[in-house]
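Asker: Below are the structure tokens for one structure; questions will follow.
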There are 2 protein chains.
Amino acid sequence: MSLDERKKRILQAIVDSYIASAEPVGSRFLARRYDLGVSPATIRNEMADLEEMGYLEQPHTSSGRIPSDKGYRFYVDFLLDIHLLADQEIRRINQWYQSRVREIDLQIQRTAKIISQVTQYTSVVMGPSLSEQKLNYLQLLPVGAGSAVVVLVDEAGIVEHRTVDIPSGISEEELSGLTKIMNERLKGRTLEEVKTSLMRELNAELTGYMDRYQLVQDIIEQLVLAMDETIWENQEEKVYLGGTTNILNQPEFRNIEKARQILSLLEEERALHQALSELAPEGITIRIGKENSLAEMSNCSMITARYEIEGKTVGSIGVLGPTRMDYSHVVSVLNVIAKNLNRSLSSKRDKE
Amino acid sequence: MSLDERKKRILQAIVDSYIASAEPVGSRFLARRYDLGVSPATIRNEMADLEEMGYLEQPHTSSGRIPSDKGYRFYVDFLLDIHLLADQEIRRINQWYQSRVREIDLQIQRTAKIISQVTQYTSVVMGPSLSEQKLNYLQLLPVGAGSAVVVLVDEAGIVEHRTVDIPSGISEEELSGLTKIMNERLKGRTLEEVKTSLMRELNAELTGYMDRYQLVQDIIEQLVLAMDETIWENQEEKVYLGGTTNILNQPEFRNIEKARQILSLLEEERALHQALSELAPEGITIRIGKENSLAEMSNCSMITARYEIEGKTVGSIGVLGPTRMDYSHVVSVLNVIAKNLNRSLSSKRDKE
DNA sequence: CCTTAGCACTCTCTTTGCACGAGTGCTAAC
DNA sequence: GTTAGCACTCGTGCAAAGAGAGTGCTAAGG
């Protein structure tokens, strides 16, 4: 894994150049354009070495070299210099987050849009997982006969609702009584806890207080179901995309077949979600080419960062592009945006 | 506009053939394949006439003919025979709608998916416009200090919520009192009415009942804002897509540039929404090529149908494809799906 | 007068050959 | 260890040639 200084410089030059131009890089070009202090012939020798070691590839016998996945990996791990974003760019991003957005999914969706606009790649953002969020408030509102709306509010101010069936024999007073008891007992627990153990515990207890055993049990069962759906829908399903067509600007996707393959993948929320979930718990994760678990993404790299609510990691934001991606820029952008998003998602609570 | 019988048959044959194969249609092919009873030479003469009249076009001097927009229009208006869907297909669609889905936007989203799967084109579905829906129930729930959640339920059982700021000086009792009064007054009015005139009317009245003039006014103002957003977000923004990549299977979009153009358009929710709104108030609408108001869609046709809640038209479902689209099949599919969707959206209410 | 066969013509698409340019690997000299 | 030189390979662009499909027109036939 150890390359001498010159090999590193050459590899770096090749990757930089290829990222910028998408053209295989030749020795003469390198010698001219980068100040390596050696002749093309020497560079050729070094390139032959690098190829043998697996860092470079040659599309055909007499063309320049392009980085292999391994080459990109080395570049990302050891050669990447993250230059700060231009002030202008940072300001632009901050500005986007000036205006306060109430609804969390709108905020997430906007984030996807911003990422894709700033990076000119496709962005992939996972909606927040709510299962670890703590319940602040729960309300059962009767709606017509046999239906009620459950409204859940968590400590971060995220609101969700869901319609459930309730036994028609229960009165409005009973319902609000039930709501009251549940609130006293469940506030401050995570939604996951609420859903599983607590609901059962409460179930047992409530049947003591109230005379209509069966009805209450029915309601609770419905509630558990609804919460399950709510949590699940957010955690397991929602993936927001931005700039999906940006991918078509990349020369590696000029080929319709390749384009279709990757665009189809983007329609598969479930697969995407999985790809996004397999990440390191914090910091920036970079997956290059075949490092991605999905075969369709073997020409792509994905860079992701995490975001938090209440200091707890709840989801990730990411960028999908060709392996020939501007890693440095994207990493910086994701850092800045994650910071903004964190702030904006917590400001909801700071207000209180 | 009047073509003799033979010209009609020839035009129909050409459109059918071109829809099926995407290849320009020549006279020999027509004579052989369709039972027109005349020789290729005669067909050539007729085709020359049809071209002169504007129903056909010739990609280049010595190729077969393809239908012009006008040709498709004639075909759609006078020659289209809508054959019923295969039982199997109908059953398949009905099956999709067997399982009951509570949340309306999920149902709409699923509909988009179904349409695209059945037709193999891209589907475009407009979320329901809520402004004409009648309010069934409204609730203000205090959440933390300074915030409250407004929950709106309409007669069709559609639930929406929104977080609003409220003056911190107001008590929970006052809030529930306010809720009660509002419910009495506003139930049964359309959301649009609630939003505009009634809110003001109520505003005036309430200031009599309650002693804190300013506070109440603040709340109402917030509510109006929230409702505005709610209505607007549904009516003006939400467009659900299905099978966007299906468009890439069409030979006319092999060209990356064209593909990108149309896919970019699909990302522009606002433009799309507008395109969908300009439709006849009921029945099926077909827009062919340049009949579409958006220049990007001049190679495309769009077929749309309306759907209803409570017998009131609230949105539309549609298919976007090349002008060379299987009009007959799509029209049938949309009819069946609209019917299913209507039923499923009203069943929410039938239950009561 | 309408229909049809025949034919010359047009245009696209594919193939072929060829020259060019970019880039390499290798060898020999520095 | 570095470099210049050279032969070699491969992709690309271009022009010419040929095949194929389809037309429009003309003249003959019903």
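By convention in this document, the chains of the structure tokens carry letters A, B, ... by their order, each chain's residues are numbered from 1, and ligands are numbered from 1 in the order they are shown.
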At a cut-off of 7 Å, which residues of chain B touch chain D? Count only C-alpha atoms (C1' of nucleotides) and give the answer as a list in words.
Answerer: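 Listing them in order of chain and number gives Gly26, Ser62, Ser63 and Gly64 of chain B.
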Asker: Write the residues you've just listed into a file as an mmCIF file, in the first residue's frame, and include N, CA and C atoms for each of them.
Answerer:
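Output contents, as saved in again_10.cif:
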```cif
data_model
loop_
_atom_site.group_PDB
_atom_site.id
_atom_site.type_symbol
_atom_site.label_atom_id
_atom_site.label_comp_id
_atom_site.auth_asym_id
_atom_site.auth_seq_id
_atom_site.Cartn_x
_atom_site.Cartn_y
_atom_site.Cartn_z
ATOM 1 N N GLY B 26 -44.129 2.313 -45.216
ATOM 2 C CA GLY B 26 -44.075 2.435 -46.669
ATOM 3 C C GLY B 26 -45.285 1.814 -47.334
ATOM 4 N N SER B 62 -37.115 9.878 -49.298
ATOM 5 C CA SER B 62 -37.392 8.513 -49.741
ATOM 6 C C SER B 62 -37.607 7.557 -48.581
ATOM 7 N N SER B 63 -38.370 7.991 -47.655
ATOM 8 C CA SER B 63 -38.691 7.061 -46.573
ATOM 9 C C SER B 63 -40.197 6.945 -46.493
ATOM 10 N N GLY B 64 -40.652 6.038 -45.679
ATOM 11 C CA GLY B 64 -42.081 5.898 -45.482
ATOM 12 C C GLY B 64 -42.653 7.110 -44.760
#
```
Asker: Tell me the residues of chain C close to chain A, meaning within 10 Å using only C-alpha atoms (C1' of nucleotides), as a list in words.
Answerer: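 So the residues of chain C near chain A are DA22, DG23, DT24 and DG25 of chain C.
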Asker: Excluding segment 72-81 of chain B and its own-chain neighbours fewer than 4 positions away, which residues fall within 12 Å of it when counting only C-alpha atoms (C1' of nucleotides)? Please give them as a ChimeraX atom specification.
Answerer: /B:1-3,5,7-16,18-19,50,53-57,66-68,85,284-291,300-301,303,322-332
Asker: Pull the alpha helix (DSSP H) assignments for segment 187-329 of chain B out of DSSP run on the backbone, and list those residues as a PyMOL selection string.
Answerer: chain B and resi 191-193+199-209+213-232+256-267+269-277+327-329
Asker: Taking only C-alpha atoms into account, what are the residues of chain A at most 9 Å from chain B, put as a PyMOL selection string?
Answerer: chain A and resi 102-103+136-137+139+141+143-147+149+151+153+155+157-164+242-246+248-249+253-257+259-261+263-264+267+351-352
Asker: What separation in Å, quoted to one decimal, exists between atom CA of Glu132 of chain B and atom CA of Glu192 of chain B?
Answerer: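 Result for atom CA of Glu132 of chain B versus atom CA of Glu192 of chain B: 6.3 Å, one decimal.
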Asker: Using DSSP secondary structure from the backbone, list all strand (DSSP E) positions within segment 13-204 of chain A, as a PyMOL selection string.
Answerer: chain A and resi 56-57+66-67+122-126+135-143+147-154+159-165
Asker: How many Å separate atom CA of Asp228 of chain A from atom CA of Lys195 of chain A?
Answerer: 7.1 Å
Asker: Go ahead and compute the interatomic distance for atom CA of Leu294 of chain A and atom CA of Tyr121 of chain B, in Å to one decimal.
Answerer: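 Here the two named atoms are 25.6 Å from each other.
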